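run-v1.cif (mmCIF, C-alpha atoms) appears below.
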```
data_run
#
loop_
_atom_site.label_atom_id
_atom_site.label_comp_id
_atom_site.auth_asym_id
_atom_site.auth_seq_id
_atom_site.Cartn_x
_atom_site.Cartn_y
_atom_site.Cartn_z
CA MET A 170 25.61 -17.51 -9.90
CA GLY A 171 23.73 -20.60 -10.93
CA GLU A 172 21.16 -21.48 -13.57
CA ARG A 173 18.21 -20.51 -11.40
CA TYR A 174 19.40 -16.88 -11.49
CA GLU A 175 20.21 -16.83 -15.19
CA GLY A 176 17.18 -14.75 -16.11
CA TYR A 177 18.03 -12.01 -13.61
CA GLN A 178 21.59 -11.27 -14.63
CA GLN A 179 20.59 -9.17 -17.62
CA TYR A 180 18.78 -6.63 -15.43
CA SER A 181 20.18 -3.81 -13.31
CA ASP A 182 19.78 -3.93 -9.55
CA GLY A 183 17.32 -1.05 -9.74
CA GLU A 184 15.14 -2.90 -12.23
CA LEU A 185 15.22 -6.05 -10.14
CA ILE A 186 14.26 -4.17 -6.98
CA ASP A 187 11.29 -2.67 -8.80
CA ARG A 188 10.22 -6.16 -9.83
CA LEU A 189 10.79 -7.45 -6.30
CA ARG A 190 8.52 -4.76 -4.93
CA GLY A 191 6.00 -5.81 -7.52
CA GLY A 192 5.81 -9.24 -5.96
CA GLU A 193 8.60 -11.25 -7.60
CA ALA A 194 9.93 -12.65 -4.32
CA PRO A 195 12.71 -14.94 -5.69
CA ILE A 196 14.69 -11.85 -6.67
CA MET A 197 15.58 -11.32 -3.00
CA ASP A 198 17.45 -14.64 -3.00
CA TYR A 199 19.34 -13.52 -6.09
CA ILE A 200 20.34 -10.21 -4.50
CA CYS A 201 21.44 -11.96 -1.31
CA ASP A 202 23.57 -14.37 -3.31
CA LYS A 203 24.99 -11.54 -5.42
CA TYR A 204 26.06 -9.47 -2.41
CA LYS A 205 27.03 -12.20 0.05
CA ASN A 206 30.74 -11.70 -0.67
CA LEU A 207 30.42 -7.98 0.05
CA VAL A 208 28.80 -8.81 3.39
CA ARG A 209 31.58 -11.27 4.23
CA SER A 210 34.24 -8.76 3.26
CA LYS A 211 32.70 -6.08 5.48
CA ALA A 212 32.36 -8.57 8.34
CA LYS A 213 36.05 -9.40 8.04
CA SER A 214 37.04 -5.74 8.27
CA MET A 215 34.64 -5.03 11.17
CA PHE A 216 35.80 -8.11 13.10
CA ILE A 217 38.77 -6.10 14.30
CA LEU A 218 36.41 -3.97 16.42
CA GLY A 219 35.36 -6.88 18.55
CA ALA A 220 32.40 -8.98 17.46
CA ASP A 221 31.64 -12.51 16.38
CA ASN A 222 32.11 -12.98 12.65
CA GLU A 223 28.85 -14.89 12.22
CA ASP A 224 26.99 -12.18 14.13
CA LEU A 225 28.48 -9.56 11.85
CA ILE A 226 27.46 -11.49 8.75
CA GLN A 227 23.93 -11.73 10.12
CA GLU A 228 23.88 -8.00 10.80
CA GLY A 229 25.27 -7.40 7.33
CA MET A 230 22.42 -9.34 5.76
CA ILE A 231 19.97 -7.24 7.80
CA GLY A 232 21.70 -4.18 6.38
CA LEU A 233 21.31 -5.61 2.88
CA PHE A 234 17.58 -6.17 3.43
CA LYS A 235 17.27 -2.58 4.62
CA ALA A 236 19.11 -1.41 1.52
CA VAL A 237 16.63 -3.24 -0.69
CA ARG A 238 13.75 -1.84 1.33
CA ASP A 239 14.94 1.77 1.28
CA TYR A 240 16.69 2.09 -2.08
CA ASP A 241 15.37 4.92 -4.23
CA THR A 242 16.48 4.71 -7.86
CA GLY A 243 15.75 8.39 -8.40
CA ARG A 244 17.57 9.65 -5.32
CA ASP A 245 20.38 7.30 -4.36
CA ALA A 246 23.59 6.38 -6.12
CA SER A 247 24.07 2.90 -7.54
CA PHE A 248 22.50 0.15 -5.45
CA SER A 249 25.89 -1.43 -4.79
CA THR A 250 27.14 1.82 -3.22
CA PHE A 251 23.94 2.24 -1.23
CA ALA A 252 24.03 -1.39 -0.09
CA GLU A 253 27.65 -1.10 1.06
CA LEU A 254 26.72 1.92 3.16
CA CYS A 255 23.69 0.20 4.72
CA ILE A 256 25.68 -2.95 5.47
CA SER A 257 28.52 -0.98 7.09
CA ARG A 258 26.11 1.09 9.17
CA GLN A 259 24.22 -1.96 10.38
CA MET A 260 27.40 -3.77 11.38
CA TYR A 261 28.93 -0.80 13.14
CA THR A 262 25.72 -0.07 15.02
CA ALA A 263 25.71 -3.67 16.22
CA VAL A 264 29.35 -3.45 17.32
CA GLN A 265 28.65 -0.26 19.25
CA ALA A 266 25.58 -1.75 20.89
CA SER A 267 27.47 -4.77 22.12
CA LYS A 268 29.54 -4.52 25.27
CA ARG A 269 32.14 -6.88 23.93
CA LYS A 270 34.30 -4.33 22.19
CA LYS A 271 37.96 -5.22 22.48
CA HIS A 272 40.82 -2.82 23.13
CA VAL A 273 42.46 -3.25 19.76
CA PRO A 274 43.81 0.09 18.48
CA LEU A 275 47.34 -0.68 19.61
CA ASN A 276 47.40 -4.19 18.20
CA THR A 277 46.45 -3.19 14.68
CA TYR A 278 48.26 -1.57 11.83
CA VAL A 279 46.68 1.85 11.54
CA PRO A 280 48.33 4.39 9.22
CA LEU A 281 48.94 7.62 11.11
CA ASP A 282 50.03 9.79 8.22
CA GLY A 283 47.00 9.72 5.96
CA GLU A 284 46.49 7.76 2.79
CA ASP A 285 49.07 5.87 0.77
CA THR A 286 51.82 8.21 -0.43
CA GLY A 287 51.99 6.50 -3.80
CA ASP A 288 55.64 5.55 -3.50
CA ASP A 289 57.38 2.53 -2.05
CA ARG A 290 57.57 3.93 1.46
CA GLU A 291 55.01 2.60 3.90
CA SER A 292 53.21 5.02 6.19
CA PRO A 293 54.16 4.82 9.87
CA ARG A 294 51.71 2.54 11.65
CA LEU A 295 50.55 2.68 15.22
CA ALA A 296 51.61 -0.87 16.06
CA GLU A 297 55.08 -0.21 14.68
CA LEU A 298 55.49 2.61 17.19
CA LEU A 299 55.25 0.03 19.97
CA ALA A 300 57.84 -2.57 20.84
CA ASP A 301 57.88 -5.82 18.90
CA ARG A 302 56.50 -8.09 21.59
CA THR A 303 57.84 -11.26 19.98
CA LYS A 304 61.37 -10.16 20.91
CA LEU A 305 60.70 -9.22 24.53
CA ASN A 306 61.81 -11.17 27.58
CA PRO A 307 59.24 -11.77 30.40
CA GLU A 308 60.21 -8.60 32.29
CA GLU A 309 60.03 -6.49 29.14
CA MET A 310 56.69 -8.07 28.21
CA PHE A 311 55.28 -7.08 31.62
CA LEU A 312 56.45 -3.50 31.14
CA ASP A 313 55.12 -3.51 27.59
CA LYS A 314 51.69 -4.61 28.82
CA GLU A 315 51.74 -1.78 31.33
CA ARG A 316 52.61 0.70 28.60
CA VAL A 317 49.86 -0.60 26.34
CA ALA A 318 47.32 -0.40 29.17
CA TYR A 319 48.40 3.16 29.93
CA LEU A 320 48.25 4.12 26.28
CA GLU A 321 44.78 2.64 25.81
CA LYS A 322 43.53 4.39 28.95
CA THR A 323 44.98 7.71 27.82
CA ILE A 324 43.48 7.38 24.35
CA GLU A 325 40.12 6.57 25.93
CA GLU A 326 40.34 9.73 28.01
CA GLU A 327 41.80 12.07 25.39
CA LEU A 328 39.64 11.25 22.37
CA SER A 329 36.10 12.58 22.05
CA ASP A 330 33.25 10.14 21.37
CA PHE A 331 33.21 11.22 17.72
CA GLU A 332 36.97 10.77 17.41
CA LYS A 333 36.68 7.27 18.90
CA GLN A 334 34.01 6.38 16.34
CA VAL A 335 36.19 7.72 13.53
CA LEU A 336 39.18 5.75 14.85
CA ASP A 337 37.09 2.57 15.07
CA LEU A 338 36.07 2.78 11.42
CA TYR A 339 39.46 4.02 10.25
CA MET A 340 40.92 0.83 11.73
CA THR A 341 38.72 -1.20 9.40
CA GLY A 342 40.38 0.42 6.39
CA MET A 343 37.69 2.95 5.51
CA SER A 344 38.57 6.33 4.03
CA TYR A 345 37.35 9.46 5.80
CA GLY A 346 34.70 9.83 3.08
CA GLN A 347 33.33 6.36 3.78
CA ILE A 348 33.50 6.98 7.52
CA ALA A 349 31.51 10.19 7.11
CA LYS A 350 28.75 8.32 5.28
CA VAL A 351 28.56 5.51 7.83
CA LEU A 352 28.37 7.97 10.72
CA GLY A 353 26.09 10.37 8.87
CA ARG A 354 28.51 13.26 9.36
CA ASP A 355 30.05 15.91 7.15
CA GLU A 356 33.21 14.82 5.32
CA LYS A 357 35.17 17.89 6.42
CA ALA A 358 34.23 17.37 10.08
CA THR A 359 35.20 13.71 9.79
CA ASP A 360 38.55 14.49 8.20
CA ASN A 361 39.22 17.11 10.88
CA ALA A 362 38.42 14.56 13.60
CA LEU A 363 40.76 12.06 11.94
CA GLN A 364 43.60 14.58 11.85
CA ARG A 365 42.97 15.55 15.48
CA LEU A 366 42.99 11.98 16.74
CA LYS A 367 46.16 11.19 14.82
CA ALA A 368 47.85 14.21 16.41
CA LYS A 369 46.63 13.21 19.89
CA ILE A 370 47.86 9.64 19.51
CA LYS A 371 51.26 10.78 18.25
CA LYS A 372 51.54 13.19 21.19
CA ILE A 373 50.71 10.39 23.61
CA LEU A 374 53.29 8.14 22.03
#
```
Structure encoded using structure tokens:
Amino acid sequence: MGERYEGYQQYSDGELIDRLRGGEAPIMDYICDKYKNLVRSKAKSMFILGADNEDLIQEGMIGLFKAVRDYDTGRDASFSTFAELCISRQMYTAVQASKRKKHVPLNTYVPLDGEDTGDDRESPRLAELLADRTKLNPEEMFLDKERVAYLEKTIEEELSDFEKQVLDLYMTGMSYGQIAKVLGRDEKATDNALQRLKAKIKKIL
């Protein structure tokens, strides 16, 4: 990470944060540099929900600053886990607050049958349940657009606000446990919402 950070690499994040709070300001630059790839990775996954990538990175850095500010070595898990949660929450809050959310559930590859089965079979994915638009003629493409619009409208009407939030984050590749933490909800309630929304979408399709 560069010679200027060489003295910091031997310390844990918790130790560095304690020193930062003690007035050693350059440590913040080190932490930002250390976690910039995590922020970029999260921004890439959240981009699917409809937001500018640079805006998401900026929000992610705000989340990282909040993680440094709020981290409690005696209460929280590892700083990296806590930081990932804060970054994800900050980004998702920003996406929700913006009015530029895109209708993307049907254009993305969302597993509908839970986690990876562990074998060579791929889980059915939402986009695969729709026609392959690259093979459609103009008339078929028009009908396909109508079907997609109807499907999106129906999903919007059938899913509860909580289920929509769970679907949003599930589309980014998060597990139900991660989703629960970002939304501040119980894991069981989140998993139940995920199963309900999968069933609703399959019924619609």
- Tell me, as a count of residues only, which residues lie within 12 Å of region 186-201 of chain A, counting only C-alpha atoms; anything in the same chain fewer than 6 positions away does not count. 33
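The residue that comes closest to Ser214 (chain A), out of A:Asp245, A:Asp337, A:Asp202, A:Glu332 and on the basis of only C-alpha atoms, is A:Asp337.
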- Provide the CA of Thr262 (chain A) to CA of Leu336 (chain A) distance in Å, to one decimal place.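 These two atoms are separated by 14.7 Å.
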- Long-range neighbours of Met343 (chain A) as a list of chain:residue names, 12 Å cut-off, only C-alpha atoms, 2 positions minimum in chain: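 My list of contacting residues is A:Lys211, A:Ser214, A:Met215, A:Glu253, A:Leu254, A:Ser257, A:Val279, A:Pro280, A:Gly283, A:Glu284, A:Gln334, A:Val335, A:Leu336, A:Asp337, A:Leu338, A:Tyr339, A:Met340, A:Thr341, A:Tyr345, A:Gly346, A:Gln347, A:Ile348, A:Ala349, A:Lys350, A:Val351, A:Leu352, A:Thr359, A:Asp360, A:Leu363.
Closest approach to Lys367 (chain A) among A:Glu223, A:Glu327, A:Asp355, A:Glu228 is made by A:Glu327 (distances from all atoms listed in the file).
Atom pair CA of Ala266 (chain A) / CA of Leu218 (chain A) has a distance of 11.9 Å (rounded to one decimal).
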- One-decimal distance in Å that lies between CA of Phe216 (chain A) and CA of Asn361 (chain A):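 Separating CA of Asn361 (chain A) from CA of Phe216 (chain A) is a distance of 25.5 Å.
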